[in-house]
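Written below as structure tokens is the structure these notes are about.
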Amino acid sequence: MYQTIMLKKDGRLAYLVLNRPDSMNAMNAKMMGELADCFESLKNDQSVHALIIHGAGRAFSAGGDIKEMVDPDNPMDIDVVMSDVSRLAKALYTLPQVTIAAVHGASAGLGFSMALACDHVVAEESSKLAMNFIGIGLIPDGGGHFFLKERVGVPRAKQLIWAGQVLKAHDALAKGLIEEVTAEGRGLEQAEKYAHEVLASPVAAMLKSKGILHGMKLAELDEVLAGEAAGQSAIRKTADHLEGIQAFVEKRKPAFKGK
């Protein structure tokens with residue numbers, strides 16, 4: 001059914017696997033659309049009570065696919081992409097399941113936004129987590145502004161966005177960005193342990209609380225997603241962004257000029 005992701009169900013537990021391992025699960029336009037479609041389909045699935053999201057291969061997700069951004073033969077349609085990214089974020093935030101991100105390797109950019117949107121984040125201690133859009137002259141998307149602010153507040157969210165710092169799992173835990181750190185190679189196992197604890201709990205009550213708490217924030221999330229979509233479309237046309245992606249491809253330090 002899907003080309004870039006896999007959805008597997010095991011009773012009341014489902015697994016969503018980001019499945020572009022050769023690209024460190026970098027999100028191309030196809031994956032963004034498929035993730036949005038998958039999350040929207042799960043909104044109507046009353047049989048699943050917990051969802052684990054993890055990545056195939058050596059990373060959770062390296063973020064947006066920069067190679068696709070600079071492909072002259074198949075240029076990325078930013079407006080279509082941002083529509084799918086907004087659908088993805090809103091559907092994930094409103095899922096009637098307890099969502100668990102099992103992070104290993106890199107969780108960067110949009111990949112980090114998606115992890116932060118989950119109810120419970122488990123990261124292996126060697127993981128590298130970064131809201132690093134600034135490195136290529138972009139702003140966070142996928143609700144990144146909203147999810148960061150929800151977890152750490154506006155002042156710290158700004159600093160994390162502006163710095164684009166790569167955090168190890170224990171640093172992310174200390175900042176309140178994630179819920180658990182586990183040993184290398186044990187992330188999925190720990191996520192499954194938490195999922196089974198959830199399934200042995202009165203999960204209907206848990207999900208009702210989630211619905212109430214998230215429901216009162218939906219208008220704000222919609223506003224953030226609209227701002228991100230418009231902002232990203234505009235920023236994609238700046239000289240700084242073009243310099244950022246060119247420097248990334250050429251593996252050199254970018255020379256930004258604020259334009």
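Identifiers in the structure tokens: chain A, B, ... in order shown; residue index from 1 per chain; ligand index from 1 in order shown.
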Write out, as CSV, each residue of range 164-216 of chain A that has an atom at most 12 Å from range 86-100 of chain A, together with the closest pair of atoms and their distance in Å to one decimal, counting only C-alpha atoms, rows going by chain and rising number.
residue,atom,partner,partner_atom,distance
A:Ile178,CA,A:Ile100,CA,10.6
A:Glu179,CA,A:Ile100,CA,10.0
A:Glu180,CA,A:Ile100,CA,10.8
A:Gly187,CA,A:Ile100,CA,10.7
A:Leu188,CA,A:Ile100,CA,9.7
A:Glu189,CA,A:Ile100,CA,11.8
A:Gln190,CA,A:Ile100,CA,10.2
A:Ala191,CA,A:Ile100,CA,6.6
A:Glu192,CA,A:Ile100,CA,8.8
A:Lys193,CA,A:Ile100,CA,10.8
A:Tyr194,CA,A:Ile100,CA,8.4
A:Ala195,CA,A:Ile100,CA,7.5
A:His196,CA,A:Val98,CA,11.0
A:Glu197,CA,A:Val98,CA,11.1
A:Val198,CA,A:Val98,CA,7.8
A:Leu199,CA,A:Val98,CA,9.3
A:Ser201,CA,A:Val98,CA,11.5
A:Pro202,CA,A:Val98,CA,11.9
A:Val203,CA,A:Val98,CA,8.4
A:Ala204,CA,A:Gln97,CA,9.4
A:Ala205,CA,A:Val98,CA,11.3
A:Met206,CA,A:Val98,CA,8.2
A:Leu207,CA,A:Pro96,CA,6.3
A:Lys208,CA,A:Pro96,CA,8.5
A:Ser209,CA,A:Pro96,CA,10.5
A:Lys210,CA,A:Pro96,CA,8.2
A:Gly211,CA,A:Thr94,CA,7.3
A:Ile212,CA,A:Thr94,CA,10.3
A:Leu213,CA,A:Thr94,CA,10.3
A:His214,CA,A:Thr94,CA,7.0
A:Gly215,CA,A:Thr94,CA,7.8
A:Met216,CA,A:Thr94,CA,11.1
**Item:** Residue contacts of Asp141 in chain A (9 Å, only C-alpha atoms) excluding same-chain residues fewer than 5 positions away, as number ranges by chain
**Value:** A: 82, 85-86, 89, 109-110, 113, 133, 224-225, 228-229, 232
Using only C-alpha atoms, please write the residues we just selected to a file, as a PDB file, in the first residue's frame.
ATOM      1  CA  MET A  82       3.754  22.038   3.217  1.00  0.00           C
ATOM      2  CA  VAL A  85       3.400  18.366   6.346  1.00  0.00           C
ATOM      3  CA  SER A  86       0.559  20.281   8.000  1.00  0.00           C
ATOM      4  CA  ALA A  89       1.326  17.116  12.107  1.00  0.00           C
ATOM      5  CA  GLY A 109      14.420  18.608  11.423  1.00  0.00           C
ATOM      6  CA  LEU A 110      10.978  17.331  10.457  1.00  0.00           C
ATOM      7  CA  SER A 113       9.164  17.639  14.966  1.00  0.00           C
ATOM      8  CA  PHE A 133      16.352  23.837  10.081  1.00  0.00           C
ATOM      9  CA  VAL A 224       1.168  27.650  13.875  1.00  0.00           C
ATOM     10  CA  LEU A 225       0.870  25.280  10.903  1.00  0.00           C
ATOM     11  CA  GLU A 228       4.915  27.642   9.131  1.00  0.00           C
ATOM     12  CA  ALA A 229       3.494  26.899   5.667  1.00  0.00           C
ATOM     13  CA  GLN A 232       8.591  28.208   4.797  1.00  0.00           C
TER      14      GLN A 232
END
| message | Just want the 10 Å neighbourhood of Arg20 in chain A, counted on only C-alpha atoms, with same-chain residues fewer than 4 positions away dropped. Output as a list in words. | response | Gln3, Thr4, Ile5, Met24, Asn25, Ala26, Met27, Asn28, Met31, Gly55, Ala56, Gly57, Ala59 and Ser61 of chain A
Please produce a file of the residues just selected, as a PDB file, in the first residue's frame, where the atoms kept are N, CA and C atoms.
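In the end it all went to part11.pdb:
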ATOM      1  N   GLN A   3       4.836   3.084  -0.164  1.00  0.00           N
ATOM      2  CA  GLN A   3       6.155   2.859  -0.756  1.00  0.00           C
ATOM      3  C   GLN A   3       7.296   3.251   0.184  1.00  0.00           C
ATOM      4  N   THR A   4       7.057   4.220   1.083  1.00  0.00           N
ATOM      5  CA  THR A   4       8.146   4.766   1.901  1.00  0.00           C
ATOM      6  C   THR A   4       7.983   4.485   3.388  1.00  0.00           C
ATOM      7  N   ILE A   5       6.840   3.933   3.773  1.00  0.00           N
ATOM      8  CA  ILE A   5       6.576   3.590   5.170  1.00  0.00           C
ATOM      9  C   ILE A   5       5.900   2.230   5.220  1.00  0.00           C
ATOM     10  N   MET A  24      18.677   7.272   5.337  1.00  0.00           N
ATOM     11  CA  MET A  24      18.488   7.574   6.761  1.00  0.00           C
ATOM     12  C   MET A  24      17.067   8.086   7.030  1.00  0.00           C
ATOM     13  N   ASN A  25      16.119   7.526   6.259  1.00  0.00           N
ATOM     14  CA  ASN A  25      14.699   7.878   6.391  1.00  0.00           C
ATOM     15  C   ASN A  25      14.440   9.366   6.229  1.00  0.00           C
ATOM     16  N   ALA A  26      15.277   9.999   5.382  1.00  0.00           N
ATOM     17  CA  ALA A  26      15.001  11.395   5.021  1.00  0.00           C
ATOM     18  C   ALA A  26      13.638  11.441   4.336  1.00  0.00           C
ATOM     19  N   MET A  27      12.881  12.483   4.644  1.00  0.00           N
ATOM     20  CA  MET A  27      11.494  12.560   4.185  1.00  0.00           C
ATOM     21  C   MET A  27      11.403  13.301   2.859  1.00  0.00           C
ATOM     22  N   ASN A  28      11.144  12.547   1.796  1.00  0.00           N
ATOM     23  CA  ASN A  28      10.863  13.175   0.514  1.00  0.00           C
ATOM     24  C   ASN A  28       9.368  13.479   0.428  1.00  0.00           C
ATOM     25  N   MET A  31       7.092  10.447   1.021  1.00  0.00           N
ATOM     26  CA  MET A  31       6.956  10.002   2.407  1.00  0.00           C
ATOM     27  C   MET A  31       6.057  10.944   3.211  1.00  0.00           C
ATOM     28  N   GLY A  55      12.247   4.022  12.965  1.00  0.00           N
ATOM     29  CA  GLY A  55      12.862   4.064  11.656  1.00  0.00           C
ATOM     30  C   GLY A  55      13.598   2.785  11.322  1.00  0.00           C
ATOM     31  N   ALA A  56      13.538   2.391  10.058  1.00  0.00           N
ATOM     32  CA  ALA A  56      14.320   1.251   9.583  1.00  0.00           C
ATOM     33  C   ALA A  56      15.775   1.680   9.402  1.00  0.00           C
ATOM     34  N   GLY A  57      16.692   0.728   9.564  1.00  0.00           N
ATOM     35  CA  GLY A  57      18.086   1.044   9.339  1.00  0.00           C
ATOM     36  C   GLY A  57      18.737   1.747  10.512  1.00  0.00           C
ATOM     37  N   ALA A  59      18.759   5.034  11.493  1.00  0.00           N
ATOM     38  CA  ALA A  59      18.274   6.319  12.009  1.00  0.00           C
ATOM     39  C   ALA A  59      16.760   6.315  12.135  1.00  0.00           C
ATOM     40  N   SER A  61      14.997   9.439  11.658  1.00  0.00           N
ATOM     41  CA  SER A  61      14.830  10.201  10.422  1.00  0.00           C
ATOM     42  C   SER A  61      15.794  11.375  10.421  1.00  0.00           C
TER      43      SER A  61
END
*For Leu116 in chain A, please output as a list of chain:residue names all residues within 9 Å (counting only C-alpha atoms; exclusion window: fewer than 4 positions along the same chain).*
A:Ala101, A:Gly111, A:Phe112, A:His120, A:Val121, A:Gly144, A:Phe147, A:Leu148, A:Arg151, A:Leu177, A:Ile178
Export all heavy atoms of the chosen residues as a PDB file, in the first residue's frame?
ATOM      1  N   ALA A 101       7.350   7.441  20.177  1.00  0.00           N
ATOM      2  CA  ALA A 101       8.461   7.504  19.228  1.00  0.00           C
ATOM      3  C   ALA A 101       9.638   6.731  19.809  1.00  0.00           C
ATOM      4  O   ALA A 101      10.052   6.986  20.944  1.00  0.00           O
ATOM      5  CB  ALA A 101       8.863   8.948  18.963  1.00  0.00           C
ATOM      6  N   GLY A 111      11.938  15.202  11.179  1.00  0.00           N
ATOM      7  CA  GLY A 111      11.948  13.968  11.962  1.00  0.00           C
ATOM      8  C   GLY A 111      11.861  14.237  13.449  1.00  0.00           C
ATOM      9  O   GLY A 111      11.229  13.483  14.200  1.00  0.00           O
ATOM     10  N   PHE A 112      12.491  15.326  13.897  1.00  0.00           N
ATOM     11  CA  PHE A 112      12.424  15.689  15.318  1.00  0.00           C
ATOM     12  C   PHE A 112      11.062  16.286  15.648  1.00  0.00           C
ATOM     13  O   PHE A 112      10.494  15.994  16.705  1.00  0.00           O
ATOM     14  CB  PHE A 112      13.546  16.665  15.650  1.00  0.00           C
ATOM     15  CG  PHE A 112      13.789  16.871  17.120  1.00  0.00           C
ATOM     16  CD1 PHE A 112      13.548  15.873  18.048  1.00  0.00           C
ATOM     17  CD2 PHE A 112      14.293  18.075  17.591  1.00  0.00           C
ATOM     18  CE1 PHE A 112      13.784  16.061  19.409  1.00  0.00           C
ATOM     19  CE2 PHE A 112      14.538  18.278  18.941  1.00  0.00           C
ATOM     20  CZ  PHE A 112      14.274  17.277  19.848  1.00  0.00           C
ATOM     21  N   HIS A 120       4.932  10.078  23.960  1.00  0.00           N
ATOM     22  CA  HIS A 120       6.033   9.526  24.758  1.00  0.00           C
ATOM     23  C   HIS A 120       7.211   9.285  23.826  1.00  0.00           C
ATOM     24  O   HIS A 120       7.059   8.603  22.806  1.00  0.00           O
ATOM     25  CB  HIS A 120       5.595   8.207  25.408  1.00  0.00           C
ATOM     26  CG  HIS A 120       6.509   7.691  26.462  1.00  0.00           C
ATOM     27  ND1 HIS A 120       6.381   8.032  27.795  1.00  0.00           N
ATOM     28  CD2 HIS A 120       7.581   6.857  26.399  1.00  0.00           C
ATOM     29  CE1 HIS A 120       7.313   7.419  28.502  1.00  0.00           C
ATOM     30  NE2 HIS A 120       8.066   6.702  27.668  1.00  0.00           N
ATOM     31  N   VAL A 121       8.360   9.858  24.146  1.00  0.00           N
ATOM     32  CA  VAL A 121       9.547   9.704  23.302  1.00  0.00           C
ATOM     33  C   VAL A 121      10.616   8.938  24.063  1.00  0.00           C
ATOM     34  O   VAL A 121      11.043   9.352  25.151  1.00  0.00           O
ATOM     35  CB  VAL A 121      10.104  11.065  22.858  1.00  0.00           C
ATOM     36  CG1 VAL A 121      11.285  10.860  21.893  1.00  0.00           C
ATOM     37  CG2 VAL A 121       9.027  11.920  22.206  1.00  0.00           C
ATOM     38  N   GLY A 144       6.809  22.112  14.423  1.00  0.00           N
ATOM     39  CA  GLY A 144       7.983  22.170  15.290  1.00  0.00           C
ATOM     40  C   GLY A 144       7.943  23.299  16.300  1.00  0.00           C
ATOM     41  O   GLY A 144       8.315  23.120  17.464  1.00  0.00           O
ATOM     42  N   PHE A 147       5.269  22.186  18.990  1.00  0.00           N
ATOM     43  CA  PHE A 147       5.640  21.061  19.848  1.00  0.00           C
ATOM     44  C   PHE A 147       6.815  21.401  20.762  1.00  0.00           C
ATOM     45  O   PHE A 147       6.854  20.963  21.921  1.00  0.00           O
ATOM     46  CB  PHE A 147       5.916  19.823  18.999  1.00  0.00           C
ATOM     47  CG  PHE A 147       4.723  19.373  18.206  1.00  0.00           C
ATOM     48  CD1 PHE A 147       4.788  19.257  16.820  1.00  0.00           C
ATOM     49  CD2 PHE A 147       3.516  19.099  18.827  1.00  0.00           C
ATOM     50  CE1 PHE A 147       3.682  18.859  16.087  1.00  0.00           C
ATOM     51  CE2 PHE A 147       2.398  18.709  18.110  1.00  0.00           C
ATOM     52  CZ  PHE A 147       2.486  18.586  16.729  1.00  0.00           C
ATOM     53  N   LEU A 148       7.766  22.184  20.262  1.00  0.00           N
ATOM     54  CA  LEU A 148       8.864  22.639  21.124  1.00  0.00           C
ATOM     55  C   LEU A 148       8.324  23.518  22.241  1.00  0.00           C
ATOM     56  O   LEU A 148       8.678  23.351  23.413  1.00  0.00           O
ATOM     57  CB  LEU A 148       9.878  23.436  20.307  1.00  0.00           C
ATOM     58  CG  LEU A 148      11.073  22.707  19.716  1.00  0.00           C
ATOM     59  CD1 LEU A 148      11.951  23.697  18.966  1.00  0.00           C
ATOM     60  CD2 LEU A 148      11.894  21.988  20.787  1.00  0.00           C
ATOM     61  N   ARG A 151       6.602  21.721  25.036  1.00  0.00           N
ATOM     62  CA  ARG A 151       7.469  20.959  25.925  1.00  0.00           C
ATOM     63  C   ARG A 151       8.377  21.827  26.791  1.00  0.00           C
ATOM     64  O   ARG A 151       8.655  21.458  27.935  1.00  0.00           O
ATOM     65  CB  ARG A 151       8.301  19.957  25.115  1.00  0.00           C
ATOM     66  CG  ARG A 151       7.479  18.763  24.616  1.00  0.00           C
ATOM     67  CD  ARG A 151       8.298  17.813  23.767  1.00  0.00           C
ATOM     68  NE  ARG A 151       7.533  16.603  23.420  1.00  0.00           N
ATOM     69  CZ  ARG A 151       7.540  15.475  24.121  1.00  0.00           C
ATOM     70  NH1 ARG A 151       8.285  15.365  25.204  1.00  0.00           N
ATOM     71  NH2 ARG A 151       6.817  14.437  23.744  1.00  0.00           N
ATOM     72  N   LEU A 177      12.671  17.556  26.659  1.00  0.00           N
ATOM     73  CA  LEU A 177      12.220  17.323  25.293  1.00  0.00           C
ATOM     74  C   LEU A 177      11.742  15.892  25.056  1.00  0.00           C
ATOM     75  O   LEU A 177      10.969  15.638  24.127  1.00  0.00           O
ATOM     76  CB  LEU A 177      13.351  17.634  24.315  1.00  0.00           C
ATOM     77  CG  LEU A 177      13.716  19.116  24.197  1.00  0.00           C
ATOM     78  CD1 LEU A 177      15.058  19.288  23.492  1.00  0.00           C
ATOM     79  CD2 LEU A 177      12.625  19.866  23.443  1.00  0.00           C
ATOM     80  N   ILE A 178      12.227  14.961  25.850  1.00  0.00           N
ATOM     81  CA  ILE A 178      11.858  13.556  25.692  1.00  0.00           C
ATOM     82  C   ILE A 178      11.549  12.965  27.062  1.00  0.00           C
ATOM     83  O   ILE A 178      11.843  13.576  28.094  1.00  0.00           O
ATOM     84  CB  ILE A 178      12.961  12.741  24.979  1.00  0.00           C
ATOM     85  CG1 ILE A 178      14.230  12.678  25.835  1.00  0.00           C
ATOM     86  CG2 ILE A 178      13.277  13.351  23.603  1.00  0.00           C
ATOM     87  CD1 ILE A 178      15.330  11.795  25.252  1.00  0.00           C
TER      88      ILE A 178
END
Pick from A:Ala115, A:Val122, A:Leu221, A:Met69 nearest to Gly143 in chain A, counting only C-alpha atoms =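 Closest to Gly143 in chain A of all the choices is A:Leu221.
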Atomic separation - CA of Ala169 in chain A relative to CA of Ala123 in chain A, Å: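 Straight-line distance from CA of Ala123 in chain A to CA of Ala169 in chain A works out to 6.0 Å.
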From a DSSP calculation on the backbone, collect every residue of range 1-125 of chain A in strand (DSSP E) and output the set as number ranges by chain. A: 5-10, 13-18, 50-55, 98-103, 106-108, 120-124
Atom pair CA of Ser233 in chain A + CA of Val103 in chain A, distance 28.7 Å
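With only C-alpha atoms as the atoms that count, the minimum distance from Ile53 in chain A to the choices A:Val80, A:Leu35, A:Leu7, A:Ala102 is reached by A:Ala102.
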- Task: Pick out each residue of range 42-191 of chain A that DSSP on the backbone tags as alpha helix (DSSP H); I need them as number ranges by chain.
- Result: A: 42, 66-69, 78-93, 110-116, 144-152, 154-163, 169-174, 187-191
